[in-house]
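File shown: protein-v8.cif. Contents: mmCIF, C-alpha atoms (C1' of nucleotides).
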```
data_start
loop_
_atom_site.label_atom_id
_atom_site.label_comp_id
_atom_site.auth_asym_id
_atom_site.auth_seq_id
_atom_site.Cartn_x
_atom_site.Cartn_y
_atom_site.Cartn_z
CA MET A 1 33.81 23.07 10.26
CA THR A 2 32.10 26.26 11.30
CA ARG A 3 34.24 28.78 13.11
CA PRO A 4 33.25 29.51 16.68
CA ARG A 5 31.22 32.68 17.07
CA GLN A 6 33.82 34.93 18.61
CA THR A 7 31.37 37.79 18.93
CA ASP A 8 29.50 35.79 21.56
CA LEU A 9 32.70 35.48 23.55
CA ALA A 10 33.35 39.21 23.48
CA VAL A 11 29.75 39.97 24.43
CA LEU A 12 29.58 37.46 27.29
CA GLY A 13 32.98 38.57 28.54
CA ALA A 14 32.02 42.22 28.62
CA LEU A 15 28.75 41.46 30.40
CA SER A 16 30.67 39.41 32.98
CA VAL A 17 32.43 42.59 34.06
CA GLU A 18 29.28 44.68 34.30
CA PRO A 19 25.67 44.48 33.00
CA MET A 20 25.00 46.99 30.25
CA THR A 21 23.00 47.86 27.13
CA GLY A 22 23.94 46.85 23.60
CA TYR A 23 24.86 50.42 22.84
CA ARG A 24 27.26 50.71 25.73
CA LEU A 25 28.63 47.26 24.99
CA ARG A 26 29.79 48.58 21.65
CA GLN A 27 31.30 51.65 23.30
CA GLU A 28 33.22 49.64 25.87
CA ILE A 29 34.48 47.21 23.26
CA THR A 30 35.60 50.07 21.06
CA GLU A 31 37.30 52.01 23.83
CA THR A 32 38.92 49.28 25.87
CA LEU A 33 39.29 46.31 23.54
CA GLY A 34 39.59 48.51 20.47
CA HIS A 35 43.26 47.91 19.84
CA PHE A 36 42.83 44.16 19.51
CA TRP A 37 39.12 43.57 18.97
CA HIS A 38 36.25 45.04 16.99
CA GLU A 39 32.50 44.63 16.85
CA SER A 40 29.82 46.52 14.92
CA PHE A 41 26.19 47.04 15.90
CA GLY A 42 25.17 44.71 13.11
CA GLN A 43 26.95 41.93 14.99
CA ILE A 44 26.15 42.89 18.56
CA TYR A 45 22.36 43.09 18.42
CA PRO A 46 21.82 39.74 16.68
CA SER A 47 24.33 38.21 19.10
CA LEU A 48 22.42 39.60 22.08
CA ALA A 49 19.13 38.27 20.71
CA ARG A 50 20.64 34.83 20.20
CA LEU A 51 22.27 34.70 23.61
CA GLU A 52 19.02 35.80 25.23
CA ALA A 53 17.03 33.12 23.39
CA GLU A 54 19.55 30.52 24.56
CA GLY A 55 19.20 31.67 28.16
CA PHE A 56 22.78 32.88 28.57
CA ILE A 57 21.80 36.46 29.29
CA VAL A 58 18.67 38.23 30.61
CA ALA A 59 17.46 41.78 30.11
CA GLN A 60 16.49 44.03 32.95
CA GLY A 61 14.16 46.79 31.87
CA GLY A 62 11.66 44.68 29.94
CA VAL A 63 11.32 43.90 26.28
CA LYS A 64 9.37 47.02 25.32
CA ALA A 65 11.53 49.43 27.25
CA SER A 66 13.78 51.64 25.20
CA SER A 67 16.82 50.62 27.17
CA ARG A 68 17.58 46.98 27.88
CA VAL A 69 20.37 46.24 30.35
CA PHE A 70 21.72 42.72 29.86
CA SER A 71 23.43 40.57 32.47
CA LEU A 72 24.80 37.03 32.53
CA THR A 73 22.78 34.10 33.85
CA GLU A 74 24.55 31.18 35.51
CA ALA A 75 24.31 29.29 32.25
CA GLY A 76 25.89 32.34 30.60
CA GLU A 77 28.83 32.29 33.00
CA ALA A 78 29.37 28.61 32.24
CA GLU A 79 29.14 29.30 28.50
CA LEU A 80 31.71 32.09 28.86
CA ARG A 81 34.14 29.74 30.61
CA ARG A 82 33.54 27.11 27.93
CA LEU A 83 34.26 29.55 25.10
CA LEU A 84 37.34 30.91 26.87
CA GLU A 85 38.82 27.44 27.11
CA LEU A 86 38.46 26.75 23.40
CA PRO A 87 41.81 27.12 21.65
CA PRO A 88 42.19 30.64 20.24
CA GLU A 89 41.77 30.58 16.46
CA SER A 90 43.53 33.57 15.04
CA GLN A 91 42.19 35.20 11.92
CA GLN A 92 44.15 34.82 8.76
CA PRO A 93 46.58 37.71 8.52
CA ARG A 94 46.00 40.43 5.94
CA SER A 95 48.31 43.39 6.10
CA ALA A 96 47.46 45.89 3.39
CA LEU A 97 50.66 47.76 4.20
CA LEU A 98 52.99 44.77 3.81
CA LEU A 99 51.23 43.76 0.60
CA ARG A 100 52.07 47.18 -0.83
CA ILE A 101 55.64 47.00 0.42
CA PHE A 102 56.04 43.55 -1.10
CA PHE A 103 55.09 44.79 -4.55
CA GLY A 104 56.78 48.12 -3.91
CA ALA A 105 59.12 47.76 -6.88
CA ASN A 106 56.11 48.75 -9.03
CA LEU A 107 55.76 52.06 -7.21
CA PRO A 108 57.78 55.27 -7.34
CA PRO A 109 60.19 55.52 -4.36
CA GLY A 110 58.31 58.46 -2.91
CA ALA A 111 55.14 56.41 -2.54
CA ILE A 112 56.91 53.86 -0.35
CA ALA A 113 58.39 56.61 1.81
CA GLN A 114 54.90 58.04 2.18
CA LEU A 115 53.52 54.66 3.25
CA LEU A 116 56.18 54.36 5.92
CA ASP A 117 55.61 57.92 7.14
CA ASP A 118 51.86 57.40 7.41
CA HIS A 119 52.33 54.11 9.18
CA GLU A 120 54.73 55.63 11.68
CA ALA A 121 52.25 58.41 12.43
CA GLN A 122 49.49 55.87 13.01
CA VAL A 123 51.65 53.79 15.31
CA ARG A 124 52.68 56.82 17.34
CA GLU A 125 49.04 57.78 17.71
CA LYS A 126 48.28 54.29 18.95
CA LEU A 127 51.07 54.51 21.52
CA ALA A 128 49.54 57.71 22.83
CA GLN A 129 46.15 55.99 23.08
CA PHE A 130 47.67 53.14 25.06
CA ALA A 131 48.84 55.61 27.67
CA GLY A 132 45.24 56.78 28.00
CA ILE A 133 43.86 53.25 28.23
CA ARG A 134 46.43 52.42 30.90
CA ALA A 135 45.35 55.45 32.93
CA ASN A 136 41.69 54.43 32.60
CA ILE A 137 42.41 50.92 33.80
CA ASP A 138 44.41 52.15 36.77
CA ALA A 139 41.61 54.53 37.74
CA ASP A 140 38.71 52.11 37.10
CA PRO A 141 37.31 50.81 40.41
CA LEU A 142 35.55 48.05 38.44
CA ALA A 143 38.85 46.60 37.29
CA GLY A 144 39.63 44.74 40.52
CA ARG A 145 40.89 41.22 39.87
CA HIS A 146 40.78 41.95 36.11
CA ARG A 147 43.44 44.67 36.29
CA PRO A 148 46.61 42.63 35.59
CA TYR A 149 44.92 40.85 32.68
CA TRP A 150 43.74 44.10 31.19
CA LEU A 151 47.18 45.63 31.57
CA ALA A 152 48.71 42.60 29.87
CA THR A 153 46.67 43.28 26.73
CA VAL A 154 47.78 46.91 26.72
CA ALA A 155 51.37 45.77 27.10
CA ALA A 156 50.91 43.54 24.03
CA GLY A 157 49.81 46.53 21.99
CA GLU A 158 52.66 48.68 23.22
CA SER A 159 55.19 45.98 22.54
CA ALA A 160 53.91 45.49 18.99
CA ALA A 161 53.85 49.24 18.37
CA ARG A 162 57.45 49.73 19.50
CA ALA A 163 58.55 46.86 17.27
CA GLN A 164 56.81 48.51 14.31
CA LEU A 165 58.60 51.80 14.93
CA GLU A 166 61.93 49.98 14.92
CA TRP A 167 60.97 48.17 11.73
CA VAL A 168 59.99 51.42 10.01
CA ALA A 169 63.36 53.00 10.85
CA GLN A 170 65.24 49.92 9.68
CA THR A 171 63.17 49.68 6.49
CA ARG A 172 63.81 53.32 5.59
CA VAL A 173 67.51 52.52 5.59
CA LEU A 174 67.08 49.26 3.66
CA LEU A 175 64.86 50.76 0.97
CA GLY A 176 66.53 54.16 1.05
CA GLU A 177 69.62 52.58 -0.45
CA GLN A 178 67.42 51.59 -3.40
CA CYS A 179 66.21 55.08 -4.01
CA ALA A 180 69.56 56.75 -3.55
CA GLY A 181 71.57 54.04 -5.31
CA MET B 182 31.50 52.64 0.77
CA THR B 183 32.51 49.24 -0.52
CA ARG B 184 35.83 47.91 0.62
CA PRO B 185 38.43 47.58 -2.10
CA ARG B 186 38.93 44.10 -3.49
CA GLN B 187 42.30 43.34 -2.02
CA THR B 188 42.40 39.91 -3.57
CA ASP B 189 42.75 41.53 -6.99
CA LEU B 190 45.79 43.41 -5.75
CA ALA B 191 47.46 40.27 -4.48
CA VAL B 192 46.69 38.41 -7.72
CA LEU B 193 47.85 41.18 -10.04
CA GLY B 194 50.97 41.70 -7.92
CA ALA B 195 51.91 38.04 -8.03
CA LEU B 196 51.36 37.86 -11.79
CA SER B 197 53.56 40.95 -12.23
CA VAL B 198 56.48 38.93 -10.89
CA GLU B 199 55.87 35.90 -13.10
CA PRO B 200 52.98 34.48 -15.16
CA MET B 201 51.45 31.40 -13.57
CA THR B 202 48.36 29.25 -13.09
CA GLY B 203 45.73 29.83 -10.41
CA TYR B 204 46.94 26.78 -8.59
CA ARG B 205 50.52 28.00 -8.38
CA LEU B 206 49.32 31.49 -7.52
CA ARG B 207 47.81 30.07 -4.38
CA GLN B 208 51.02 28.18 -3.60
CA GLU B 209 53.21 31.23 -4.03
CA ILE B 210 50.91 33.39 -1.94
CA THR B 211 50.84 30.78 0.81
CA GLU B 212 54.58 30.21 0.83
CA THR B 213 55.95 33.69 0.34
CA LEU B 214 53.20 36.06 1.47
CA GLY B 215 51.80 33.58 3.96
CA HIS B 216 52.95 35.38 7.07
CA PHE B 217 51.06 38.54 6.22
CA TRP B 218 48.54 37.58 3.55
CA HIS B 219 46.11 34.80 2.79
CA GLU B 220 43.96 33.72 -0.12
CA SER B 221 41.84 30.63 -0.72
CA PHE B 222 40.96 28.98 -4.04
CA GLY B 223 37.40 30.16 -3.61
CA GLN B 224 38.72 33.72 -3.87
CA ILE B 225 41.43 33.26 -6.45
CA TYR B 226 39.49 31.64 -9.28
CA PRO B 227 36.59 34.12 -9.29
CA SER B 228 39.15 36.92 -9.08
CA LEU B 229 41.04 35.53 -12.09
CA ALA B 230 37.80 35.22 -14.08
CA ARG B 231 36.84 38.81 -13.25
CA LEU B 232 40.28 40.21 -14.05
CA GLU B 233 40.30 38.31 -17.34
CA ALA B 234 36.85 39.64 -18.27
CA GLU B 235 38.04 43.16 -17.53
CA GLY B 236 41.09 42.70 -19.73
CA PHE B 237 43.67 43.02 -16.97
CA ILE B 238 45.09 39.56 -17.50
CA VAL B 239 45.23 37.05 -20.36
CA ALA B 240 45.58 33.28 -20.33
CA GLN B 241 48.14 31.43 -22.37
CA GLY B 242 47.14 27.84 -23.04
CA GLY B 243 43.60 28.41 -24.21
CA VAL B 244 40.29 28.26 -22.42
CA LYS B 245 39.76 24.53 -22.74
CA ALA B 246 43.27 23.57 -21.75
CA SER B 247 43.68 21.98 -18.37
CA SER B 248 46.34 24.45 -17.37
CA ARG B 249 45.87 28.19 -17.90
CA VAL B 250 48.91 30.38 -17.37
CA PHE B 251 47.88 33.98 -16.70
CA SER B 252 49.95 37.07 -17.35
CA LEU B 253 49.35 40.81 -17.00
CA THR B 254 48.24 42.97 -19.91
CA GLU B 255 49.31 46.60 -20.09
CA ALA B 256 45.94 47.58 -18.66
CA GLY B 257 46.62 45.09 -15.87
CA GLU B 258 49.94 46.72 -15.06
CA ALA B 259 48.23 50.09 -14.87
CA GLU B 260 45.49 48.65 -12.66
CA LEU B 261 48.11 47.15 -10.36
CA ARG B 262 49.80 50.53 -9.96
CA ARG B 263 46.42 52.16 -9.32
CA LEU B 264 45.52 49.66 -6.59
CA LEU B 265 48.97 49.93 -5.02
CA GLU B 266 48.58 53.68 -4.69
CA LEU B 267 45.26 53.43 -2.85
CA PRO B 268 45.75 54.01 0.86
CA PRO B 269 46.18 50.69 2.69
CA GLU B 270 43.03 49.85 4.63
CA SER B 271 43.95 47.49 7.38
CA GLN B 272 41.47 44.92 8.55
CA GLN B 273 39.89 45.42 11.92
CA PRO B 274 42.02 43.68 14.51
CA ARG B 275 40.74 40.49 16.15
CA SER B 276 43.17 38.72 18.42
CA ALA B 277 41.54 35.63 19.87
CA LEU B 278 44.52 35.29 22.22
CA LEU B 279 44.27 38.80 23.67
CA LEU B 280 40.51 38.43 24.04
CA ARG B 281 41.11 35.38 26.22
CA ILE B 282 43.83 37.13 28.21
CA PHE B 283 41.54 40.12 28.75
CA PHE B 284 38.85 37.96 30.33
CA GLY B 285 41.47 35.73 31.92
CA ALA B 286 40.20 36.34 35.45
CA ASN B 287 37.39 33.90 34.59
CA LEU B 288 39.88 31.13 33.86
CA PRO B 289 42.01 28.93 36.14
CA PRO B 290 45.63 30.19 36.27
CA GLY B 291 46.91 27.08 34.51
CA ALA B 292 44.82 27.85 31.45
CA ILE B 293 46.47 31.24 31.00
CA ALA B 294 49.92 29.72 31.39
CA GLN B 295 48.97 27.18 28.74
CA LEU B 296 47.82 29.92 26.37
CA LEU B 297 51.14 31.72 26.76
CA ASP B 298 53.14 28.52 26.28
CA ASP B 299 51.24 27.62 23.11
CA HIS B 300 51.62 31.12 21.76
CA GLU B 301 55.35 31.14 22.40
CA ALA B 302 55.73 27.84 20.58
CA GLN B 303 53.80 29.20 17.59
CA VAL B 304 55.90 32.36 17.47
CA ARG B 305 59.15 30.39 17.64
CA GLU B 306 57.96 28.21 14.79
CA LYS B 307 57.21 31.33 12.77
CA LEU B 308 60.69 32.69 13.43
CA ALA B 309 62.14 29.47 12.07
CA GLN B 310 59.96 29.80 8.95
CA PHE B 311 61.20 33.35 8.40
CA ALA B 312 64.75 32.06 8.20
CA GLY B 313 63.61 29.69 5.45
CA ILE B 314 61.77 32.43 3.55
CA ARG B 315 64.83 34.66 3.77
CA ALA B 316 67.00 31.91 2.31
CA ASN B 317 64.50 31.38 -0.54
CA ILE B 318 64.47 35.08 -1.38
CA ASP B 319 68.25 35.27 -1.36
CA ALA B 320 68.45 32.26 -3.66
CA ASP B 321 65.59 33.24 -5.98
CA PRO B 322 66.95 34.52 -9.32
CA LEU B 323 63.49 36.00 -10.03
CA ALA B 324 63.72 38.33 -7.05
CA GLY B 325 65.92 40.94 -8.76
CA ARG B 326 64.73 44.46 -8.07
CA HIS B 327 62.04 43.04 -5.77
CA ARG B 328 64.55 41.61 -3.28
CA PRO B 329 64.86 44.51 -0.79
CA TYR B 330 61.06 44.92 -0.70
CA TRP B 331 60.53 41.23 -0.09
CA LEU B 332 63.15 41.22 2.64
CA ALA B 333 61.46 44.21 4.27
CA THR B 334 58.25 42.22 4.71
CA VAL B 335 60.17 39.35 6.26
CA ALA B 336 61.85 41.80 8.61
CA ALA B 337 58.41 43.05 9.66
CA GLY B 338 57.40 39.52 10.61
CA GLU B 339 60.61 38.90 12.50
CA SER B 340 60.34 42.16 14.35
CA ALA B 341 56.75 41.44 15.39
CA ALA B 342 57.67 37.91 16.45
CA ARG B 343 60.55 39.03 18.64
CA ALA B 344 58.28 41.61 20.29
CA GLN B 345 55.76 38.90 21.05
CA LEU B 346 58.38 36.71 22.69
CA GLU B 347 59.37 39.61 24.93
CA TRP B 348 55.74 40.26 25.77
CA VAL B 349 55.13 36.63 26.68
CA ALA B 350 58.07 36.62 29.10
CA GLN B 351 56.97 39.89 30.64
CA THR B 352 53.36 38.72 30.93
CA ARG B 353 54.35 35.49 32.66
CA VAL B 354 55.92 37.62 35.39
CA LEU B 355 52.98 40.03 35.57
CA LEU B 356 50.34 37.31 35.77
CA GLY B 357 52.54 34.89 37.68
CA GLU B 358 52.35 37.20 40.67
CA GLN B 359 48.58 36.72 40.54
CA CYS B 360 48.78 32.96 40.63
CA ALA B 361 51.43 32.79 43.31
CA GLY B 362 50.03 35.59 45.45
"C1'" DG C 363 47.07 0.00 -11.71
"C1'" DG C 364 47.45 3.11 -7.87
"C1'" DG C 365 48.63 7.14 -5.86
"C1'" DC C 366 50.11 11.73 -5.84
"C1'" DA C 367 50.67 16.37 -7.24
"C1'" DC C 368 48.74 19.56 -10.42
"C1'" DA C 369 44.75 21.94 -11.89
"C1'" DT C 370 40.00 24.23 -12.23
"C1'" DG C 371 35.98 25.48 -10.70
"C1'" DT C 372 31.12 25.87 -8.07
"C1'" DA C 373 27.77 26.23 -4.33
"C1'" DA C 374 26.32 26.81 0.26
"C1'" DG C 375 26.69 29.29 3.94
"C1'" DC C 376 28.67 32.10 7.55
"C1'" DT C 377 30.75 36.50 9.14
"C1'" DG C 378 30.79 40.97 9.16
"C1'" DT C 379 30.02 45.85 7.40
"C1'" DT C 380 27.30 49.60 5.96
"C1'" DA C 381 23.41 52.15 5.38
"C1'" DC C 382 19.01 52.89 6.67
"C1'" DA C 383 15.01 53.61 9.75
"C1'" DT C 384 13.27 54.81 14.11
"C1'" DG C 385 12.61 56.65 18.54
"C1'" DA C 386 13.79 58.28 23.66
"C1'" DT C 387 16.26 61.23 26.66
"C1'" DT C 388 18.88 65.08 28.01
"C1'" DA C 389 21.17 69.44 27.96
"C1'" DA C 390 21.87 74.05 25.92
"C1'" DT D 391 13.16 73.80 20.36
"C1'" DT D 392 16.79 72.01 18.63
"C1'" DA D 393 20.72 69.36 18.71
"C1'" DA D 394 23.42 65.75 20.57
"C1'" DT D 395 23.68 61.50 22.63
"C1'" DC D 396 21.69 57.25 23.83
"C1'" DA D 397 19.39 53.38 22.11
"C1'" DT D 398 17.53 49.45 19.08
"C1'" DG D 399 17.13 47.12 15.29
"C1'" DT D 400 16.93 45.50 10.02
"C1'" DA D 401 18.24 44.71 5.23
"C1'" DA D 402 21.34 44.44 1.60
"C1'" DC D 403 25.42 43.09 0.38
"C1'" DA D 404 30.47 42.08 0.23
"C1'" DG D 405 34.02 38.98 1.45
"C1'" DC D 406 35.66 34.75 2.47
"C1'" DT D 407 35.85 29.72 3.81
"C1'" DT D 408 34.75 25.16 3.24
"C1'" DA D 409 33.33 21.30 1.05
"C1'" DC D 410 32.38 19.29 -2.99
"C1'" DA D 411 32.99 17.78 -7.84
"C1'" DT D 412 35.93 16.83 -11.56
"C1'" DG D 413 39.74 15.87 -14.35
"C1'" DT D 414 44.96 15.43 -16.05
"C1'" DG D 415 49.70 13.98 -16.07
"C1'" DC D 416 53.33 11.57 -14.22
"C1'" DC D 417 55.97 8.22 -11.67
"C1'" DC D 418 56.52 3.86 -9.39
#
```
Transcribe the structure of this file into structure tokens.
Amino acid sequence: MTRPRQTDLAVLGALSVEPMTGYRLRQEITETLGHFWHESFGQIYPSLARLEAEGFIVAQGGVKASSRVFSLTEAGEAELRRLLELPPESQQPRSALLLRIFFGANLPPGAIAQLLDDHEAQVREKLAQFAGIRANIDADPLAGRHRPYWLATVAAGESAARAQLEWVAQTRVLLGEQCAG
Amino acid sequence: MTRPRQTDLAVLGALSVEPMTGYRLRQEITETLGHFWHESFGQIYPSLARLEAEGFIVAQGGVKASSRVFSLTEAGEAELRRLLELPPESQQPRSALLLRIFFGANLPPGAIAQLLDDHEAQVREKLAQFAGIRANIDADPLAGRHRPYWLATVAAGESAARAQLEWVAQTRVLLGEQCAG
DNA sequence: GGGCACATGTAAGCTGTTACATGATTAA
DNA sequence: TTAATCATGTAACAGCTTACATGTGCCC
């Protein structure tokens, strides 16, 4: 039972919006999908090579050129639709923060407070980034029919972030009683 | 820059609550930490062997016995505290659902609706599980000083789940306009 | 005797990260 | 000319999953 290669889905999806190089692919994924998806070069280039060999993408600019712009073939568009319709298999959760909270009784109270403070700062930074991503999507002429879908993913991030801020506040009270009591 | 072995932290943490076998370790992690952490046997047994070799845990029941109950040594308690104080490094996010939503323009409208329906059902099931976990923690005599910390992690799950339900409802409206319009 | 839950472990293989190596292009 | 950015790739390795292999103890 091998897991589906999700990198292929991200790569094909990005190329369906606009043809681009592997380098820019990484940039776009980092900037626009960054809050819910991640790819490294070590994944992207092998994925591109594989997809090219399978005829799902073609390079404009030639093999020996220093810059290869990839775009989807018809087979690639079909493959993208096929992958999109597979049921989403979420990764197993691993929250380093919650693991530390769970065993927090082994830590001095100040350490827990620090964890919560740091987390809150990170979440607030994320919220600020979402505002920027939103602005980019609104201004992007390429967005077109994609726009509502893209905004929906930003909304998911914002919703999760706000929930985490509420949880932090609530948890300070819950665990603060411990420290004070 | 090797990533820290987070499995060791989960194993040491669990053994700090109560000595147990590798088999039960997996059970406890699945049942109680399941909503924010995951380990497989293939990780747990090598981790136990390594921690034993390093003197952080010892087995009662002897090497050849069919059931080896592990408990923390003093060095193991110190190691647990050390790992807990390392800054939490969260895994890179990878939401298969949001990836599909993002490229949703390539899918028929019904497929998106189906994704949202399935997701909502999963989240509601999770919420029901949280109620069960809460009840277990309240009833567990072993919880003791751990109780507020354990409840805080459950609260994090509940908070995230509620946010996702709100997002699903909101997204149905946002993307529904697309389908209808 | 059969089946189930408990229990331990290994091996193959995939996914993904990091560090390294290299070179082209462009702007100050 | 020098630095930054753009660009491509590889190799080593860590982390993790899955499937397999094996055995015990208990209850019906």
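For the pair atom CA of Gln6 of chain A and atom C1' of DC376 of chain C, the separation is 12.5 Å.
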Report the residues retrieved by the PyMOL selection byres ((chain A) within 9 of (chain D)) from the displayed file, expressed as a list in words.
-> Met1, Thr2, Thr21, Gly22, Tyr23, Arg24, Gly42, Tyr45, Pro46, Ser66, Ser67 and Arg68 of chain A
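Atom pair atom CA of Ser159 of chain A / atom CA of Thr7 of chain A has a distance of 25.4 Å (rounded to one decimal).
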Considering all atoms listed in the file, extract the chain C residues located within 8 Å of chain B and return them as a VMD selection string.
-> chain C and resid 368 to 371 380
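Interatomic distance, atom CA of Leu142 of chain A against atom CA of His300 of chain B: 28.7 Å.
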At a cut-off of 7 Å, list the chain A residues touching chain B, using only C-alpha atoms, as a count of residues only.
-> 41
Would you list the residues near (52.1, 39.5, -17.8), meaning any protein, DNA or RNA residue with an atom at most 10 Å from that point in file coordinates, counting only C-alpha atoms (C1' of nucleotides), as number ranges by chain?
-> B: 193, 195-201, 237-240, 250-255, 257-258
Quick one: 5 Å padding each side, axis-aligned, all listed atoms of segment 67-74 of chain A - centre and edge lengths in Å to one decimal, as lines of an AutoDock Vina configuration file?
```
center_x = 20.8
center_y = 40.9
center_z = 31.3
size_x = 18.0
size_y = 29.4
size_z = 18.3
```
